[in-house]
file structure29.txt (compact mmCIF, C-alpha atoms and all ligand atoms)
# COMPACT_ATOMS: atom_id res chain seq x y z
CA MET T 1 25.92 8.23 0.92
CA SER T 2 23.57 8.79 3.82
CA VAL T 3 20.35 6.80 3.73
CA ALA T 4 17.48 7.39 6.12
CA ALA T 5 14.48 5.15 6.77
CA LEU T 6 11.55 7.06 8.24
CA GLU T 7 8.14 6.14 9.57
CA THR T 8 5.59 8.84 8.71
CA ARG T 9 2.59 9.69 10.85
CA THR T 10 0.47 7.44 8.63
CA GLY T 11 2.87 4.52 9.14
CA VAL T 12 4.07 4.60 5.52
CA ARG T 13 7.74 3.64 5.32
CA ILE T 14 9.88 6.11 3.39
CA VAL T 15 13.42 5.34 2.32
CA ALA T 16 15.37 8.37 1.18
CA ASP T 17 18.88 9.54 0.58
CA GLU T 18 20.29 12.92 -0.23
CA HIS T 19 20.59 12.34 -3.99
CA ARG T 20 17.49 10.42 -4.94
CA PRO T 21 13.76 11.01 -4.62
CA ALA T 22 11.90 9.39 -1.75
CA ARG T 23 10.79 5.79 -2.26
CA GLU T 24 7.46 5.11 -0.65
CA GLU T 25 6.25 1.61 0.11
CA THR T 26 2.87 2.57 -1.35
CA PRO T 27 -0.06 0.98 0.49
CA HIS T 28 -2.32 0.97 -2.62
CA VAL T 29 0.21 -1.07 -4.57
CA ALA T 30 0.76 -3.52 -1.71
CA ALA T 31 -3.02 -3.89 -1.28
CA ALA T 32 -3.52 -4.48 -5.01
CA ALA T 33 -0.82 -7.14 -5.06
CA ALA T 34 -2.21 -8.83 -1.92
CA GLY T 35 -5.81 -8.64 -3.17
CA ALA T 36 -4.91 -10.23 -6.50
CA SER T 37 -3.17 -13.12 -4.80
CA LYS T 38 -6.12 -13.69 -2.43
CA GLY T 39 -8.65 -13.73 -5.27
CA SER T 40 -10.57 -10.69 -3.93
CA ALA T 41 -12.45 -8.11 -6.02
CA GLU T 42 -9.16 -7.03 -7.62
CA PRO T 43 -9.08 -7.82 -11.35
CA ALA T 44 -7.00 -10.79 -12.48
CA VAL T 45 -3.73 -9.49 -13.97
CA GLU T 46 -1.56 -11.75 -16.09
CA ARG T 47 1.03 -11.61 -18.85
CA VAL T 48 -0.51 -11.07 -22.27
CA THR T 49 -0.55 -13.99 -24.69
CA HIS T 50 -0.72 -13.83 -28.47
CA GLN T 51 -4.33 -15.13 -28.43
CA GLU T 52 -5.40 -11.92 -26.68
CA VAL T 53 -3.97 -9.54 -29.27
CA PRO T 54 -7.31 -8.86 -31.05
CA ALA T 55 -9.08 -8.11 -27.73
CA ILE T 56 -6.26 -5.80 -26.67
CA CYS T 57 -6.32 -3.91 -29.98
CA ALA T 58 -10.10 -3.53 -29.62
CA LEU T 59 -9.55 -2.06 -26.14
CA TYR T 60 -6.95 0.47 -27.39
CA LYS T 61 -9.39 1.46 -30.14
CA LYS T 62 -12.25 1.93 -27.66
CA VAL T 63 -10.14 3.97 -25.22
CA TRP T 64 -8.59 6.35 -27.75
CA ASP T 65 -11.83 6.77 -29.72
CA ALA T 66 -13.36 7.96 -26.45
CA GLU T 67 -10.43 10.29 -25.64
CA LYS T 68 -9.54 11.57 -29.10
CA THR T 69 -11.29 14.96 -29.06
CA GLY T 70 -8.55 17.60 -29.24
CA LEU T 71 -5.71 15.07 -29.51
CA PRO T 72 -3.34 15.05 -32.51
CA VAL T 73 -4.67 12.68 -35.17
CA GLU T 74 -1.27 11.00 -35.55
CA LEU T 75 -1.14 10.28 -31.79
CA VAL T 76 -4.54 8.56 -31.88
CA LYS T 77 -3.51 6.53 -34.92
CA THR T 78 -0.25 5.44 -33.25
CA TRP T 79 -2.00 4.41 -30.02
CA GLN T 80 -4.63 2.32 -31.83
CA PRO T 81 -2.36 -0.46 -33.11
CA THR T 82 -3.49 -3.10 -35.57
CA PRO T 83 -2.91 -6.71 -34.42
CA LEU T 84 0.24 -6.77 -36.56
CA GLU T 85 1.54 -3.55 -35.02
CA PHE T 86 0.77 -4.71 -31.48
CA THR T 87 2.58 -7.99 -32.15
CA SER T 88 5.66 -5.98 -33.08
CA TRP T 89 5.28 -3.87 -29.88
CA MET T 90 5.39 -7.16 -27.95
CA GLU T 91 8.88 -7.90 -29.22
CA GLY T 92 10.55 -5.36 -26.96
CA VAL T 93 7.97 -4.97 -24.21
CA THR T 94 6.29 -7.26 -21.65
CA TYR T 95 2.55 -6.59 -21.47
CA PHE T 96 0.08 -7.34 -18.68
CA ALA T 97 -3.70 -7.47 -19.07
CA ALA T 98 -6.39 -7.06 -16.42
CA ARG T 99 -9.51 -9.17 -16.86
CA ARG T 100 -12.95 -9.33 -15.32
CA GLU T 101 -15.23 -12.23 -16.21
CA GLY T 102 -12.83 -13.24 -18.95
CA ARG T 103 -12.92 -9.80 -20.59
CA VAL T 104 -9.77 -7.68 -21.11
CA ILE T 105 -10.42 -4.35 -19.35
CA GLY T 106 -6.93 -2.91 -18.98
CA VAL T 107 -3.42 -3.19 -20.42
CA VAL T 108 0.05 -1.93 -19.52
CA GLY T 109 3.51 -2.61 -20.92
CA CYS T 110 6.93 -2.68 -19.29
CA GLU T 111 9.97 -1.98 -21.43
CA LEU T 112 13.31 -2.96 -19.92
CA ARG T 113 16.12 -1.01 -21.52
CA HIS T 114 19.57 0.05 -20.44
CA GLY T 115 18.93 -1.33 -16.94
CA SER T 116 15.74 0.58 -16.16
CA GLY T 117 12.05 -0.11 -16.64
CA ARG T 118 9.59 2.11 -18.48
CA LEU T 119 5.83 1.88 -18.11
CA VAL T 120 4.14 2.22 -21.52
CA HIS T 121 0.77 2.03 -23.28
CA LEU T 122 -1.41 2.01 -20.17
CA VAL T 123 -5.17 2.05 -20.76
CA VAL T 124 -8.25 1.03 -18.80
CA ASP T 125 -11.68 0.48 -20.32
CA PRO T 126 -13.81 3.61 -19.64
CA ASP T 127 -16.57 1.33 -18.24
CA TYR T 128 -14.24 0.07 -15.46
CA ARG T 129 -12.42 3.21 -14.29
CA ARG T 130 -11.84 4.25 -10.66
CA GLN T 131 -12.08 0.61 -9.58
CA GLY T 132 -8.38 0.05 -9.02
CA VAL T 133 -7.72 -1.61 -12.39
CA ALA T 134 -4.71 0.56 -13.32
CA THR T 135 -3.41 0.26 -9.75
CA ALA T 136 -3.54 -3.54 -10.04
CA LEU T 137 -1.81 -3.46 -13.43
CA ILE T 138 0.99 -1.25 -12.11
CA ALA T 139 1.35 -3.47 -9.01
CA ALA T 140 1.92 -6.46 -11.31
CA GLU T 141 4.39 -4.44 -13.36
CA ILE T 142 6.32 -3.32 -10.28
CA ASP T 143 6.49 -6.91 -9.03
CA TRP T 144 7.78 -8.09 -12.39
CA ALA T 145 10.32 -5.25 -12.68
CA LYS T 146 11.64 -5.99 -9.19
CA ARG T 147 12.08 -9.65 -10.12
CA ALA T 148 13.91 -8.55 -13.27
CA GLY T 149 16.30 -6.66 -10.99
CA VAL T 150 15.80 -3.13 -12.28
CA PRO T 151 16.19 -0.39 -9.67
CA GLU T 152 13.49 1.96 -10.95
CA LEU T 153 10.46 2.34 -13.15
CA TRP T 154 9.71 5.52 -15.07
CA ALA T 155 6.69 6.71 -16.95
CA ASP T 156 5.63 9.64 -19.07
CA ALA T 157 2.25 11.14 -19.86
CA LEU T 158 1.13 14.09 -21.92
CA ALA T 159 0.71 17.16 -19.69
CA ARG T 160 -2.99 17.17 -20.49
CA PHE T 161 -3.52 13.62 -19.09
CA GLU T 162 -4.23 14.64 -15.51
CA ALA T 163 -5.86 11.33 -14.57
CA ALA T 164 -2.61 9.54 -15.41
CA HIS T 165 -0.59 12.00 -13.28
CA ALA T 166 -2.92 11.45 -10.32
CA LEU T 167 -2.66 7.71 -10.82
CA PHE T 168 1.14 7.74 -10.95
CA ARG T 169 1.29 9.70 -7.69
CA HIS T 170 -1.27 7.32 -6.16
CA VAL T 171 1.01 4.33 -6.85
CA GLY T 172 4.16 6.01 -5.51
CA PHE T 173 5.72 7.70 -8.52
CA THR T 174 7.34 11.13 -8.14
CA GLU T 175 7.19 13.76 -10.87
CA CYS T 176 10.74 14.41 -12.04
CA GLY T 177 10.54 16.69 -15.08
CA VAL T 178 8.84 17.98 -18.19
CA LEU T 179 9.76 17.63 -21.85
CA HIS T 180 8.42 20.71 -23.58
CA ARG T 181 6.82 20.44 -27.02
CA HIS T 182 7.91 16.81 -27.24
CA ASP T 183 5.95 13.97 -28.95
CA TRP T 184 3.43 15.46 -31.39
CA ASN T 185 4.49 18.91 -30.15
CA GLU T 186 2.85 18.18 -26.76
CA ASP T 187 4.38 18.81 -23.33
CA VAL T 188 5.14 15.50 -21.62
CA ARG T 189 5.53 15.02 -17.87
CA LEU T 190 7.99 12.47 -16.49
CA PHE T 191 7.55 10.33 -13.38
CA GLU T 192 9.78 7.81 -11.62
CA ARG T 193 9.47 5.27 -8.84
CA LEU T 194 12.43 3.67 -7.14
CA LEU T 195 11.89 -0.05 -6.56
C1 LIG R 1 -5.38 6.92 -16.30
C2 LIG R 1 -6.16 5.59 -16.24
C3 LIG R 1 -5.25 4.48 -16.76
C4 LIG R 1 -6.58 5.31 -14.79
O1 LIG R 1 -7.16 4.01 -14.71
P1 LIG R 1 -8.11 3.57 -13.48
O2 LIG R 1 -8.24 2.09 -13.52
O3 LIG R 1 -9.36 4.35 -13.51
O4 LIG R 1 -7.23 4.00 -12.20
P2 LIG R 1 -7.42 3.48 -10.69
O5 LIG R 1 -8.86 3.13 -10.45
O6 LIG R 1 -6.41 2.45 -10.39
O7 LIG R 1 -7.10 4.84 -9.90
C5 LIG R 1 -6.27 4.87 -8.76
C6 LIG R 1 -6.16 6.30 -8.26
O8 LIG R 1 -5.56 7.14 -9.25
C7 LIG R 1 -6.17 8.45 -9.18
N1 LIG R 1 -7.01 8.67 -10.37
C8 LIG R 1 -7.30 7.80 -11.35
N2 LIG R 1 -8.09 8.38 -12.29
C9 LIG R 1 -8.31 9.65 -11.86
C10 LIG R 1 -9.05 10.74 -12.39
N3 LIG R 1 -9.76 10.64 -13.55
N4 LIG R 1 -9.05 11.89 -11.71
C11 LIG R 1 -8.37 12.03 -10.55
N5 LIG R 1 -7.64 11.02 -9.97
C12 LIG R 1 -7.62 9.84 -10.64
C13 LIG R 1 -7.05 8.42 -7.94
O9 LIG R 1 -6.23 8.74 -6.83
C14 LIG R 1 -7.46 6.94 -7.89
O10 LIG R 1 -7.87 6.52 -6.60
P3 LIG R 1 -9.41 6.73 -6.14
O11 LIG R 1 -10.28 6.21 -7.27
O12 LIG R 1 -9.50 5.90 -4.90
O13 LIG R 1 -9.58 8.20 -5.91
C15 LIG R 1 -7.47 5.68 -17.11
O14 LIG R 1 -8.18 6.84 -16.75
C16 LIG R 1 -7.21 5.70 -18.60
O15 LIG R 1 -7.12 4.65 -19.23
N6 LIG R 1 -7.14 6.92 -19.18
C17 LIG R 1 -6.96 7.08 -20.63
C18 LIG R 1 -5.63 6.57 -21.09
C19 LIG R 1 -4.46 7.22 -20.38
O16 LIG R 1 -4.47 8.39 -20.03
N7 LIG R 1 -3.43 6.41 -20.21
C20 LIG R 1 -2.19 6.86 -19.59
C21 LIG R 1 -1.30 7.33 -20.67
S1 LIG R 1 0.28 7.58 -19.95
call {"tool": "encode", "arguments": {"input": "structure29.txt", "output": "structure tokens"}}
result
Amino acid sequence: MSVAALETRTGVRIVADEHRPAREETPHVAAAAAGASKGSAEPAVERVTHQEVPAICALYKKVWDAEKTGLPVELVKTWQPTPLEFTSWMEGVTYFAARREGRVIGVVGCELRHGSGRLVHLVVDPDYRRQGVATALIAAEIDWAKRAGVPELWADALARFEAAHALFRHVGFTECGVLHRHDWNEDVRLFERLL
């Protein structure tokens, strides 16, 4: 299999082969990871503990209450877990939380299954958007997935969630397909990022 390593005009390193999508060493993700370790303005991102479950459930409630107009009722109900439901989500998924001043402002999960990693249940508090919180969460997830030895991460988002699509592209994911009339009869777009 032929593999090519390219330097683009912007200096971004691309690794590609003829069968797989390009893997970009995304500068935003590297900056988020470096910023977190240097204690800069990046939010603190750490693994979720059981003590944080009530705060995390309150965040999911806040986010999906704000977004629920026009969404299927069952979807909103599913994505606003009770503490008991979230505890059962934690059994198969590793969650990371972003905090500012001790407050949980973002959450993401990583499910490792059949040798690949799936990004799930990503939300950021509406009061803290466009500040790099999701980017920092995904940087932590990528770091963790790499350490776990999986070769790729994938993610899905309803076709109507354009902010999520823009975010996934921003952190180096490539769109790789659409599931039509999928969960709750909604089109779902698929993204992947080679690690
Ligand atoms: C999608 C979401 C997680 C983004 O969180 P965020 O912390 O605001 O994202 P970031 O600040 O890290 O954004 C990084 C980049 O992604 C892109 N992006 C993020 N939100 C965007 C938006 N609303 N519109 C366009 N681009 C956007 C931009 O390129 C942005 O960089 P910039 O701010 O320098 O332009 C947040 O909007 C959210 O929680 N939405 C509701 C829940 C949801 O859709 N979850 C995903 C389900 S799969």
call {"tool": "residues_near_ligand", "arguments": {"input": "structure29.txt", "ligand": "ligand LIG 1 (chain R)", "cutoff": "10 Å", "atoms": "only C-alpha atoms and all ligand atoms", "output": "PyMOL selection string"}}
result
chain T and resi 28-29+32+59-60+63-64+66-68+79+98+105-108+119-139+155-171+188-190
call {"tool": "residues_around", "arguments": {"input": "structure29.txt", "residues": "Glu91 in chain T", "least_positions_apart": "3", "cutoff": "12 Å", "atoms": "all atoms listed in the file", "output": "VMD selection string"}}
result
chain T and resid 50 84 to 88 94 to 95 109 to 112
call {"tool": "atom_distance", "arguments": {"input": "structure29.txt", "atom1": "CA of Trp184 in chain T", "atom2": "CA of Leu75 in chain T"}}
result
6.9 Å
call {"tool": "atom_distance", "arguments": {"input": "structure29.txt", "atom1": "CA of Lys62 in chain T", "atom2": "CA of Leu153 in chain T"}}
result
27.0 Å
call {"tool": "atom_distance", "arguments": {"input": "structure29.txt", "atom1": "CA of Leu179 in chain T", "atom2": "CA of Gly115 in chain T"}}
result
21.6 Å
call {"tool": "closest_residue", "arguments": {"input": "structure29.txt", "among": "T:Pro151, T:Glu101, T:Asp65, T:Pro81", "to": "Pro43 in chain T", "atoms": "all atoms listed in the file"}}
result
T:Glu101
call {"tool": "axis_aligned_box", "arguments": {"input": "structure29.txt", "around": "range 110-129 of chain T", "padding_each_side": "8 Å", "output": "JSON"}}
result
{"center_x": 1.5, "center_y": 0.3, "center_z": -18.8, "size_x": 52.1, "size_y": 22.6, "size_z": 25.0}
call {"tool": "closest_residue", "arguments": {"input": "structure29.txt", "among": "T:Cys176, T:Val104, T:Leu195, T:Ala55", "to": "Glu141 in chain T", "atoms": "all atoms listed in the file"}}
result
T:Leu195
call {"tool": "closest_residue", "arguments": {"input": "structure29.txt", "among": "T:Arg193, T:Phe96, T:Ala145, T:Arg118", "to": "Val48 in chain T", "atoms": "only C-alpha atoms"}}
result
T:Phe96
